[in-house]
Amino acid sequence: MSTTPAGWEVVIGLETHTQLSTASKIFSGSATTFGAAPNTQANVVDLALPGTLPVMNRGAVEKAIMFGLAVNGTIAPHSVFARKNYFYPDLPKGYQISQFELPVVVGGKVGIVLDGVEKTVQLTRAHLEEDAGKSLHEGLDTMGVSGIDLNRAGTPLLEIVTEPDMRSAAEAVAYAKALHGLVTWLGICDGNMQEGSFRCDANVSIRKPGAPLGTRCEIKNVNSFRFLERAIEYEIRRQIELIEDGGRVVQETRLYDADRDETRSMRSKEDAMDYRYFPDPDLLPLVIDAAWIERVKSAMPELFEPMRERFMSQYGLSMYDAGLLTSSRSTARYYEDVVILGADASLAAKWITGTLFARLSLDGLNIDRCPVNSGIFASLLKRISDNTINSTGAKQVFENLWNAPQNQDGMRSLQSVDNSIAKHGLEQVSDTGAIEKIVDDVLAANQKSVDEFKAGKEKAFQSLVGQVMKASNGKANPAQVNEILKKKLSG
Amino acid sequence: MTLAKLSISELRVALDSKKISAVELAEYFLARAESNADLNAFLHRDRDLTLAEARRADAQIANGNASALTGIPIAHKDIFVTRDWRTTAGSKMLENYISPFDATVVEKLNAAGMVCLGKLNCDEFAMGSSNENSAFGAVKNPWDKSRIPGGSSGGSAAAIAAGLAPAATGTDTGGSLRQPAAMCGITAIKPTYGRVSRYGMVAFASSLDQGGPMAKSAEDCALLLDAMMGFDAKDSTSVSARENNETPISARLLTAFGSDNRSGAGVSKPLAGVRVGVPKEFFGVGLSPDVAHAVDSAIAQFEKLGASRTEISLPRTRLAIPAYYVIAPAEASSNLSRFDGVRYGHRAKEYKDLADMIAKSRAEGFGAEVKRRILVGAYVLSHGYYDAYYLQAQKVRRLIAQDFQDAFKQCDFVMGPVAPTTAWKVGEKSNDPVAMYLEDIFTLGVSLAGLPGMSVPCGFDQQKLPIGLQIIGNYFDEAKMLAAAHQYQLATDWHTRSPEAFQ
C-alpha cells in the first residue's frame, strides 16, 4: 500500500474538524441545517452586527464531553474560549472564537486496526470552536463580485488533534475512519464528508529512522478518505524527492488538488499569521463539574467494542456477525429490537446481515430508512421459526412488505405479516401426507435421479429436493421434504 | 420653576396630575434641544418618532397603567443600538448604520414607558475623555462653551446639564460616565460590571464596558438604574437574576442604612456608622487645589451626616493607567475587527482587492484615536509581546482589585475626586494623548476592578466649573451608594445648580 522508499520514516499527525450535530449554532440561536439558501440561517449574532454577543450552546459542550469520555481523555474542569484574530470576508467578527491554551478535552486515545495489527493513536487535545462562513465565487465572477454565505458561520466544531503517531498514509486513513466511526456512533457528528461535517488536516514529515522529527507540511481541508490517502502519499513522495535532490522541506501549508492529484503551497511559515489569541472577554470560562460529566455519561450510548463483545456472549454470535451488526448504532439498535420483539437471535443475525443488508444496499438505503421496520421484521422471523413459512416464502413476504411499507406497531405487525403470507398463499406445507404425495410423484417422474442417488451421487438428492420444492410451489417444509425423501429412497 | 429643572419624581407628579402631557413634555425638551443645537449634544433627533412614543405614554397614563418612568423623556448615548434611530457610535464608520434591533437597555427603558428624544454625541466608539474624538464634532460644555464636556459620554452629560433631557444613558469603560458627569455638574453611576446588559452596546472593551444612567440627582439615577439593570440571557457576563432580584434601589434610598433614617433629612445623623475611606493616593501631585478643596468639603459634609472618615491606601492607583491602556486597547483591537466594510458600515470606493478593500475602508472609516488604540491593542497581543504586556496588565488588574477589597475591610465607601481637574479648553490636550490618558487616573481602577462608582456634584472651581465627588462602593452596593449620595443631596444643593445660560 505504501510507496515509501526504504530508508525513510514517515511521521503523520492529523487535525480533524468534526461538525457537532447540534440544532443551533455554538454561540447563537440560528439553525445549522445544511443546504439552506445563502444567509437564511445567519442572525444578527452570526452577522456580527454591532452590539451582539455570543452565548454558549451547552449542547455543543455536552457533545465534546461525550467525545472526551469515549476516548478516555481528561475533561478539563475549567477551559477558556479565546479569540483567534484575522481578517477574512467570511469571518464576520474578524476573529474566530476557539479554544487555545485551555481546551475542553486533553489527551485520550483511538485504537486502529490495519492489516490485522492493532495500534493506538494518542490524542493531544480536542477543542470547541466556531466554523467560518464561506465565500461564493461560482456564477458571480462574471459580475466581478464575490458572495459571502454565513449560514455555516458559527456552526460548532470539535477540532481533534493527534500526536504525530501515524507512520503511513494507510495508518492515517485507518485512524480517520476509526474516528469517523466513533463520532458518528456517538451521534455527535453526522459524519457527512461531502457536506464538510468531517474534514482532516494532515501534518506530514519524513526522517531517517531514529533521527529527530523533520520539517512538516500541513495539508489542509481534505474531505474524503481516498483523497487523504492520496494527498499524504503525494506529499511523502514530494518531500523524499526534494531531500534526495539536495533540497530541504520548508514548513508551509499546502492544499490538495484532487483533479491533479498533487499538493500545492498555500502559504509558508514566514507569512504565517499572528493570530493574537487572547481569552474572549464576552464569554465566561467554561466550567464543567463532575455532576455535568455524570449526566452526560449516563446519556451516552454503549460503545461498539463492548457492544460487540456483548452480542457475542449474550446472543451467541460469531465475532464476524457481531462486528457487522455493530457497524453502526442504528444497525445494532435494529438487531436488538428484532431480538427483543421475540425473534430468534441467530436467525435474526443471519437475516439481517444477509437478506436485509443486500436489499438495503440494492436501494442504497441506510437502515434508518428501512421500509420494513424492526417489528414487522421480527414477526416475519417468528413465522419462520414456528414453521408457518419456509425461508423461500419468507423472502417473498419480505419483498412484499418492502414494497408496501406498513407502519404497524408491535401488536399488529404479526397481523401484517400473516396477511401478506395469506394474500400470496405462502403458508408452508407441513402436512406429512401432502408432502409424501408430492414426493411420490416426483420420485415416479425422476427415475434417473433416483438411480443416480442409489449409485452414490449425493448431488442427485439435492436435485430431487429441488423438484419437490418446485412442485409444492416452494411451500413445502424443507426439513420434512428432506426427511421424507431420505426415508423413501432408503426404503 | 421651569420644567427643565424638575426631577423625574416631580415630572411624574406633573404627568399623573395631568398638569402636562407626555407629548407636551417631549415637545418641550425637543424644542430646547433644537434651540441649543450649537452644543452638538444630539446626533439624531426625529420629532415624529418621539411624539409617537409620547402618545403611547399618554395612553398608558390615561389608562392608569403608568409606572415610575412612563412618559419621562430620555436620550441615549449613540453607542446603544436602536431600531428607530441611526447608531453611529460617533464614527464615520457607522455614519448611516441602522440596527435591526434595540439594545437591551433601550428595550427595557422603552418597556418602562420612557420617551426617547434621540441619540447623543460621544467620543468615537467611546474612546476619549473630552468628546473631541467624535466624527461628528466636539460637544460643548454648557458651563463654558469653550470647554470640553468630558467624555466619552459627553453628549449625555451636556444634555442633562443644559436641560435638554431629564435623563440619559451613558457607558463607562474607564470613566466615561463619571468623568463627564463631574465636568458637567450632574449625577451618574457606573454599576458593578455585569449589572446592566451589554447586549446592544457597540463594544469598546468587553471586560470593562458598563452602561449606566446620567441625571440630575442620585434619586433620579436610582429610578433609572432600577429599570436598566437585570440579568440578560443574551449577555454571558450579565449577573444572575438572584443578585438582581431585590427591592428596587429607588425604594431603598431612605432605608439602605437601617430603618432609623426613614425620615430622611429629618434625621440629623442619617449616615451614622457609615465609614468613608479616603485614599491618600487620590490627593497627590497633579490634583487641582480647587478640586481637592471641594472634595474634602464634601467628605466633611458626609461626616456631618454621621459618617466617619478613615484614611486608606490604594497603593496601585498609578498602575491603573498603564494596565488600562493595555487591556482596553487589546480588547478594542479585536472588537473593532468586525468593521471591515463587508457587511455594513463604511466601504472605500476604490480598492484593488479584498484585503485592500478592508484596509482602505478601515483607514477611511476610523478616526485617529481609534486607530491609535487598535495599533496599541494589536501590538500588546502580538506574539512575543503578549506576556510582557497583556498578561502583565491582567496581573496588575487583579492586584488593583485586591487593593480595593483590602480597602473595603476598613470602610463602606471609598471617596475622592473623579478627575484631577475641571473641564479643560477645547483643543487644549488634543495633541497630547498621554496627558489626556492621565486625566483618567481616579476612574480607571474602579473599572479594572469591576466595581460600581458614581459621580456626584460637590462644588465649583474659581472659574465656576463644576467638580465631582467620586463614591466607590463594593460589588453590588449600588443601593447603598445611591442612598448615601441621596442623603448628601438632601443636605446640599450642588446638584440643583445649572448653568446660567440654560436656566
# chains A, B, ... in the order shown; residues from 1 in each chain; ligands from 1

call {"tool": "residues_around", "arguments": {"residues": "stretch 346-361 of chain A", "least_positions_apart": "3", "cutoff": "9 Å", "atoms": "only C-alpha atoms", "output": "ChimeraX atom specification"}}
result
/A:315-317,321-322,324-325,331,334-335,338-339,343,364-367,369-370,377-378,381,385,395,398-399,402

call {"tool": "select_by_dssp", "arguments": {"residues": "stretch 73-131 of chain B", "states": "strand (DSSP E)", "output": "MDAnalysis selection string"}}
result
chainID B and resid 73:77 115:120

call {"tool": "write_last_selection", "arguments": {"atoms": "all heavy atoms", "output": "short mmCIF file (atom, residue, chain, number, x, y, z; two decimals), in the first residue's frame"}}
result
data_model
loop_
_atom_site.label_atom_id
_atom_site.label_comp_id
_atom_site.auth_asym_id
_atom_site.auth_seq_id
_atom_site.Cartn_x
_atom_site.Cartn_y
_atom_site.Cartn_z
N PRO B 73 -39.04 61.73 29.40
CA PRO B 73 -38.14 61.70 28.24
C PRO B 73 -36.72 61.26 28.62
O PRO B 73 -36.27 61.50 29.74
CB PRO B 73 -38.13 63.16 27.76
CG PRO B 73 -39.31 63.81 28.41
CD PRO B 73 -39.47 63.10 29.72
N ILE B 74 -36.07 60.62 27.70
CA ILE B 74 -34.69 60.18 27.89
C ILE B 74 -34.00 60.23 26.53
O ILE B 74 -34.67 60.15 25.49
CB ILE B 74 -34.63 58.75 28.49
CG1 ILE B 74 -33.19 58.40 28.90
CG2 ILE B 74 -35.19 57.70 27.52
CD1 ILE B 74 -33.06 57.15 29.76
N ALA B 75 -32.69 60.40 26.53
CA ALA B 75 -31.94 60.31 25.28
C ALA B 75 -30.81 59.32 25.49
O ALA B 75 -30.31 59.16 26.61
CB ALA B 75 -31.40 61.68 24.88
N HIS B 76 -30.45 58.62 24.42
CA HIS B 76 -29.45 57.56 24.54
C HIS B 76 -28.12 57.93 23.92
O HIS B 76 -28.08 58.50 22.81
CB HIS B 76 -29.97 56.27 23.88
CG HIS B 76 -31.20 55.73 24.53
ND1 HIS B 76 -31.22 55.32 25.84
CD2 HIS B 76 -32.46 55.54 24.05
CE1 HIS B 76 -32.44 54.89 26.15
NE2 HIS B 76 -33.21 55.02 25.07
N LYS B 77 -27.08 57.58 24.63
CA LYS B 77 -25.74 57.71 24.04
C LYS B 77 -25.74 56.92 22.75
O LYS B 77 -26.27 55.80 22.69
CB LYS B 77 -24.71 57.15 25.03
CG LYS B 77 -23.26 57.28 24.56
CD LYS B 77 -22.30 56.75 25.61
CE LYS B 77 -20.85 56.94 25.20
NZ LYS B 77 -19.90 56.42 26.22
N VAL B 115 -39.82 57.95 26.95
CA VAL B 115 -39.97 58.52 25.62
C VAL B 115 -38.59 58.94 25.11
O VAL B 115 -37.92 59.76 25.75
CB VAL B 115 -40.91 59.74 25.66
CG1 VAL B 115 -40.98 60.42 24.30
CG2 VAL B 115 -42.30 59.30 26.13
N CYS B 116 -38.17 58.35 24.01
CA CYS B 116 -36.82 58.62 23.50
C CYS B 116 -36.76 59.94 22.72
O CYS B 116 -37.52 60.15 21.77
CB CYS B 116 -36.35 57.46 22.63
SG CYS B 116 -34.69 57.72 22.01
N LEU B 117 -35.85 60.81 23.14
CA LEU B 117 -35.70 62.12 22.46
C LEU B 117 -34.70 62.05 21.31
O LEU B 117 -34.63 62.97 20.50
CB LEU B 117 -35.21 63.17 23.47
CG LEU B 117 -36.15 63.51 24.62
CD1 LEU B 117 -35.41 64.36 25.66
CD2 LEU B 117 -37.39 64.24 24.12
N GLY B 118 -33.92 60.97 21.27
CA GLY B 118 -32.93 60.85 20.19
C GLY B 118 -31.63 60.28 20.71
O GLY B 118 -31.58 59.73 21.81
N LYS B 119 -30.57 60.45 19.90
CA LYS B 119 -29.29 59.84 20.22
C LYS B 119 -28.25 60.93 20.48
O LYS B 119 -28.23 61.96 19.82
CB LYS B 119 -28.83 58.94 19.06
CG LYS B 119 -29.82 57.85 18.68
CD LYS B 119 -30.00 56.77 19.74
CE LYS B 119 -28.83 55.86 19.86
NZ LYS B 119 -28.68 54.94 18.72
N LEU B 120 -27.39 60.64 21.45
CA LEU B 120 -26.44 61.65 21.93
C LEU B 120 -25.01 61.41 21.48
O LEU B 120 -24.54 60.27 21.42
CB LEU B 120 -26.50 61.68 23.46
CG LEU B 120 -27.86 62.13 24.02
CD1 LEU B 120 -27.99 61.72 25.48
CD2 LEU B 120 -28.05 63.63 23.83
#

call {"tool": "closest_residue", "arguments": {"among": "A:Ser298, A:Asn57, A:Asn192, A:Ser168", "to": "A:Glu235", "atoms": "only C-alpha atoms"}}
result
A:Ser168

call {"tool": "residues_around", "arguments": {"residues": "stretch 236-252 of chain A", "least_positions_apart": "2", "cutoff": "7 Å", "atoms": "only C-alpha atoms", "output": "list in words"}}
result
Thr215, Arg216, Cys217, Glu218, Ile232, Glu233, Tyr234, Arg254, Ser265, Arg267, Ser268 and Lys269 of chain A

call {"tool": "write_last_selection", "arguments": {"atoms": "N, CA, C and O atoms", "output": "mmCIF file, in the first residue's frame"}}
result
data_model
loop_
_atom_site.group_PDB
_atom_site.id
_atom_site.type_symbol
_atom_site.label_atom_id
_atom_site.label_comp_id
_atom_site.auth_asym_id
_atom_site.auth_seq_id
_atom_site.Cartn_x
_atom_site.Cartn_y
_atom_site.Cartn_z
ATOM 1 N N THR A 215 11.037 18.611 9.146
ATOM 2 C CA THR A 215 10.151 19.765 8.976
ATOM 3 C C THR A 215 8.830 19.289 8.367
ATOM 4 O O THR A 215 8.829 18.521 7.407
ATOM 5 N N ARG A 216 7.729 19.763 8.923
ATOM 6 C CA ARG A 216 6.432 19.246 8.454
ATOM 7 C C ARG A 216 5.726 20.232 7.531
ATOM 8 O O ARG A 216 5.967 21.438 7.558
ATOM 9 N N CYS A 217 4.866 19.649 6.712
ATOM 10 C CA CYS A 217 3.954 20.465 5.921
ATOM 11 C C CYS A 217 2.545 20.065 6.329
ATOM 12 O O CYS A 217 2.289 18.911 6.645
ATOM 13 N N GLU A 218 1.654 21.047 6.310
ATOM 14 C CA GLU A 218 0.273 20.763 6.697
ATOM 15 C C GLU A 218 -0.603 20.787 5.457
ATOM 16 O O GLU A 218 -0.626 21.781 4.733
ATOM 17 N N ILE A 232 -1.520 12.422 1.175
ATOM 18 C CA ILE A 232 -0.357 12.109 2.021
ATOM 19 C C ILE A 232 0.700 11.381 1.193
ATOM 20 O O ILE A 232 1.899 11.689 1.267
ATOM 21 N N GLU A 233 0.258 10.409 0.378
ATOM 22 C CA GLU A 233 1.204 9.671 -0.473
ATOM 23 C C GLU A 233 1.984 10.651 -1.365
ATOM 24 O O GLU A 233 3.192 10.557 -1.506
ATOM 25 N N TYR A 234 1.249 11.571 -1.968
ATOM 26 C CA TYR A 234 1.906 12.544 -2.846
ATOM 27 C C TYR A 234 2.913 13.361 -2.057
ATOM 28 O O TYR A 234 4.048 13.576 -2.475
ATOM 29 N N ARG A 254 -0.228 23.445 2.729
ATOM 30 C CA ARG A 254 -0.438 23.054 1.339
ATOM 31 C C ARG A 254 -1.880 22.605 1.128
ATOM 32 O O ARG A 254 -2.554 22.168 2.063
ATOM 33 N N SER A 265 1.509 24.623 -2.599
ATOM 34 C CA SER A 265 1.789 25.518 -1.496
ATOM 35 C C SER A 265 0.699 26.587 -1.374
ATOM 36 O O SER A 265 0.265 27.169 -2.365
ATOM 37 N N ARG A 267 0.551 28.792 1.831
ATOM 38 C CA ARG A 267 1.327 29.865 2.443
ATOM 39 C C ARG A 267 2.443 29.248 3.276
ATOM 40 O O ARG A 267 2.314 28.152 3.811
ATOM 41 N N SER A 268 3.567 29.962 3.365
ATOM 42 C CA SER A 268 4.703 29.434 4.113
ATOM 43 C C SER A 268 4.650 29.977 5.530
ATOM 44 O O SER A 268 3.860 30.864 5.851
ATOM 45 N N LYS A 269 5.492 29.421 6.379
ATOM 46 C CA LYS A 269 5.503 29.826 7.780
ATOM 47 C C LYS A 269 5.865 31.310 7.899
ATOM 48 O O LYS A 269 5.414 31.999 8.808
#

call {"tool": "interface_residues", "arguments": {"of": "chain A", "to": "chain B", "cutoff": "10 Å", "atoms": "only C-alpha atoms", "output": "JSON, numbers by chain"}}
result
{"A": [28, 44, 47, 48, 49, 50, 51, 52, 53, 54, 55, 56, 83, 84, 85, 86, 87, 88, 89, 90, 91, 92, 93, 94, 95, 146, 148, 273, 274, 275, 276, 277, 278, 279, 280, 281, 282, 283, 284]}

call {"tool": "closest_residue", "arguments": {"among": "B:Glu439, B:Asp461, B:Glu303, B:Asp232", "to": "B:Gly151", "atoms": "only C-alpha atoms"}}
result
B:Glu439

call {"tool": "residues_around", "arguments": {"residues": "A:Thr392", "least_positions_apart": "3", "cutoff": "9 Å", "atoms": "only C-alpha atoms", "output": "PyMOL selection string"}}
result
chain A and resi 389+395-397+474-475

call {"tool": "write_last_selection", "arguments": {"atoms": "all heavy atoms", "output": "mmCIF file, in the first residue's frame"}}
result
data_model
loop_
_atom_site.group_PDB
_atom_site.id
_atom_site.type_symbol
_atom_site.label_atom_id
_atom_site.label_comp_id
_atom_site.auth_asym_id
_atom_site.auth_seq_id
_atom_site.Cartn_x
_atom_site.Cartn_y
_atom_site.Cartn_z
ATOM 1 N N ILE A 389 -43.992 -20.399 7.577
ATOM 2 C CA ILE A 389 -43.441 -20.272 6.233
ATOM 3 C C ILE A 389 -42.026 -20.802 6.236
ATOM 4 O O ILE A 389 -41.370 -20.863 7.277
ATOM 5 C CB ILE A 389 -43.402 -18.791 5.747
ATOM 6 C CG1 ILE A 389 -42.847 -17.886 6.848
ATOM 7 C CG2 ILE A 389 -44.749 -18.315 5.268
ATOM 8 C CD1 ILE A 389 -42.600 -16.470 6.399
ATOM 9 N N LYS A 395 -38.745 -14.921 2.113
ATOM 10 C CA LYS A 395 -38.102 -13.915 1.254
ATOM 11 C C LYS A 395 -39.136 -13.199 0.388
ATOM 12 O O LYS A 395 -39.027 -11.995 0.148
ATOM 13 C CB LYS A 395 -37.026 -14.577 0.384
ATOM 14 C CG LYS A 395 -35.724 -14.707 1.166
ATOM 15 C CD LYS A 395 -34.599 -15.341 0.371
ATOM 16 C CE LYS A 395 -33.437 -15.600 1.327
ATOM 17 N NZ LYS A 395 -32.576 -16.691 0.922
ATOM 18 N N GLN A 396 -40.125 -13.948 -0.050
ATOM 19 C CA GLN A 396 -41.187 -13.307 -0.846
ATOM 20 C C GLN A 396 -42.014 -12.352 0.005
ATOM 21 O O GLN A 396 -42.346 -11.255 -0.424
ATOM 22 C CB GLN A 396 -42.091 -14.385 -1.438
ATOM 23 C CG GLN A 396 -41.501 -15.008 -2.684
ATOM 24 C CD GLN A 396 -42.549 -15.869 -3.388
ATOM 25 O OE1 GLN A 396 -43.664 -15.414 -3.631
ATOM 26 N NE2 GLN A 396 -42.184 -17.098 -3.700
ATOM 27 N N VAL A 397 -42.324 -12.816 1.234
ATOM 28 C CA VAL A 397 -43.091 -11.946 2.137
ATOM 29 C C VAL A 397 -42.290 -10.676 2.408
ATOM 30 O O VAL A 397 -42.803 -9.554 2.367
ATOM 31 C CB VAL A 397 -43.415 -12.669 3.467
ATOM 32 C CG1 VAL A 397 -44.089 -11.696 4.454
ATOM 33 C CG2 VAL A 397 -44.325 -13.853 3.199
ATOM 34 N N GLY A 474 -42.781 -24.119 -3.690
ATOM 35 C CA GLY A 474 -41.872 -23.563 -2.688
ATOM 36 C C GLY A 474 -42.430 -23.560 -1.290
ATOM 37 O O GLY A 474 -41.814 -23.025 -0.385
ATOM 38 N N LYS A 475 -43.604 -24.151 -1.103
ATOM 39 C CA LYS A 475 -44.245 -24.020 0.189
ATOM 40 C C LYS A 475 -43.985 -25.193 1.138
ATOM 41 O O LYS A 475 -44.308 -25.128 2.312
ATOM 42 C CB LYS A 475 -45.756 -23.848 0.009
ATOM 43 C CG LYS A 475 -46.077 -22.521 -0.692
ATOM 44 C CD LYS A 475 -47.536 -22.152 -0.613
ATOM 45 C CE LYS A 475 -48.397 -23.117 -1.414
ATOM 46 N NZ LYS A 475 -49.788 -22.635 -1.489
#

call {"tool": "atom_distance", "arguments": {"atom1": "atom CA of B:Ala256", "atom2": "atom CA of B:Thr492"}}
result
19.5 Å

call {"tool": "closest_residue", "arguments": {"among": "A:Leu426, A:Ile188, A:Ile75, A:Leu489", "to": "A:Gln447", "atoms": "only C-alpha atoms"}}
result
A:Leu489

call {"tool": "residues_around", "arguments": {"residues": "A:Leu255", "least_positions_apart": "2", "cutoff": "9 Å", "atoms": "only C-alpha atoms", "output": "list in words"}}
result
Glu218, Ile219, Lys220, Asn221, Val222, Ala231, Thr253, Asp257, Glu262, Thr263, Arg264, Ser265 and Met266 of chain A

call {"tool": "write_last_selection", "arguments": {"atoms": "all heavy atoms", "output": "compact mmCIF listing (two decimals), in the first residue's frame"}}
result
# COMPACT_ATOMS: atom_id res chain seq x y z
N GLU A 218 1.65 21.05 6.31
CA GLU A 218 0.27 20.76 6.70
C GLU A 218 -0.60 20.79 5.46
O GLU A 218 -0.63 21.78 4.73
CB GLU A 218 -0.21 21.81 7.71
CG GLU A 218 -1.60 21.48 8.24
CD GLU A 218 -2.13 22.52 9.23
OE1 GLU A 218 -1.58 23.63 9.26
OE2 GLU A 218 -3.09 22.20 9.94
N ILE A 219 -1.28 19.68 5.21
CA ILE A 219 -2.21 19.63 4.08
C ILE A 219 -3.60 19.92 4.65
O ILE A 219 -4.07 19.23 5.54
CB ILE A 219 -2.20 18.26 3.38
CG1 ILE A 219 -0.76 17.81 3.13
CG2 ILE A 219 -2.99 18.32 2.08
CD1 ILE A 219 -0.67 16.33 2.76
N LYS A 220 -4.22 20.96 4.12
CA LYS A 220 -5.47 21.48 4.69
C LYS A 220 -6.72 20.88 4.07
O LYS A 220 -6.76 20.64 2.86
CB LYS A 220 -5.53 22.99 4.45
CG LYS A 220 -4.74 23.81 5.46
CD LYS A 220 -5.53 23.92 6.74
CE LYS A 220 -4.98 24.98 7.66
NZ LYS A 220 -5.38 24.73 9.05
N ASN A 221 -7.74 20.70 4.92
CA ASN A 221 -9.11 20.51 4.46
C ASN A 221 -9.36 19.39 3.47
O ASN A 221 -9.92 19.62 2.40
CB ASN A 221 -9.60 21.80 3.82
CG ASN A 221 -10.39 22.60 4.82
OD1 ASN A 221 -10.99 22.03 5.74
ND2 ASN A 221 -10.39 23.91 4.66
N VAL A 222 -8.93 18.18 3.81
CA VAL A 222 -9.19 17.04 2.93
C VAL A 222 -10.49 16.39 3.39
O VAL A 222 -10.64 16.09 4.57
CB VAL A 222 -8.02 16.04 3.00
CG1 VAL A 222 -8.19 14.97 1.93
CG2 VAL A 222 -6.70 16.75 2.83
N ALA A 231 -3.33 12.36 -0.94
CA ALA A 231 -2.63 13.61 -0.63
C ALA A 231 -1.38 13.32 0.20
O ALA A 231 -0.31 13.88 -0.05
CB ALA A 231 -3.57 14.55 0.15
N THR A 253 1.84 25.53 4.61
CA THR A 253 0.51 24.96 4.50
C THR A 253 0.26 24.67 3.03
O THR A 253 0.54 25.50 2.18
CB THR A 253 -0.54 25.97 5.00
OG1 THR A 253 -0.19 26.32 6.34
CG2 THR A 253 -1.92 25.39 5.00
N ASP A 257 -4.96 19.14 -4.46
CA ASP A 257 -5.78 19.32 -5.65
C ASP A 257 -6.12 17.93 -6.19
O ASP A 257 -5.26 17.25 -6.74
CB ASP A 257 -4.99 20.14 -6.69
CG ASP A 257 -5.81 20.40 -7.95
OD1 ASP A 257 -6.75 19.62 -8.22
OD2 ASP A 257 -5.49 21.37 -8.65
N GLU A 262 -2.17 16.31 -6.60
CA GLU A 262 -0.93 16.87 -6.06
C GLU A 262 -1.27 17.88 -4.96
O GLU A 262 -2.40 18.33 -4.85
CB GLU A 262 -0.12 17.56 -7.18
CG GLU A 262 -0.87 18.74 -7.79
CD GLU A 262 -0.05 19.46 -8.85
OE1 GLU A 262 0.75 18.79 -9.54
OE2 GLU A 262 -0.22 20.69 -9.00
N THR A 263 -0.25 18.19 -4.14
CA THR A 263 -0.45 19.23 -3.14
C THR A 263 0.27 20.48 -3.63
O THR A 263 1.27 20.40 -4.33
CB THR A 263 0.10 18.82 -1.75
OG1 THR A 263 1.51 18.66 -1.83
CG2 THR A 263 -0.55 17.54 -1.26
N ARG A 264 -0.30 21.63 -3.30
CA ARG A 264 0.26 22.90 -3.74
C ARG A 264 0.46 23.82 -2.55
O ARG A 264 -0.36 23.84 -1.63
CB ARG A 264 -0.71 23.59 -4.70
CG ARG A 264 -0.52 23.22 -6.14
CD ARG A 264 -1.08 24.32 -7.04
NE ARG A 264 -2.43 24.71 -6.67
CZ ARG A 264 -3.51 24.13 -7.15
NH1 ARG A 264 -3.41 23.14 -8.00
NH2 ARG A 264 -4.71 24.55 -6.77
N SER A 265 1.51 24.62 -2.60
CA SER A 265 1.79 25.52 -1.50
C SER A 265 0.70 26.59 -1.37
O SER A 265 0.27 27.17 -2.37
CB SER A 265 3.13 26.20 -1.70
OG SER A 265 3.39 27.05 -0.60
N MET A 266 0.22 26.82 -0.16
CA MET A 266 -0.81 27.83 0.08
C MET A 266 -0.16 29.04 0.74
O MET A 266 -0.30 30.16 0.32
CB MET A 266 -1.86 27.22 0.99
CG MET A 266 -3.17 27.93 1.04
SD MET A 266 -4.32 26.84 1.91
CE MET A 266 -4.92 27.95 3.14

call {"tool": "residues_around", "arguments": {"residues": "stretch 21-36 of chain B", "least_positions_apart": "3", "cutoff": "8 Å", "atoms": "only C-alpha atoms", "output": "number ranges by chain"}}
result
B: 4, 15, 18, 39-40, 42, 47, 50-51, 54-55, 57-58, 71-73, 115, 117, 159, 163-165

call {"tool": "closest_residue", "arguments": {"among": "B:Glu369, B:Asp412, B:Glu364, B:Glu246", "to": "B:Val276", "atoms": "only C-alpha atoms"}}
result
B:Asp412
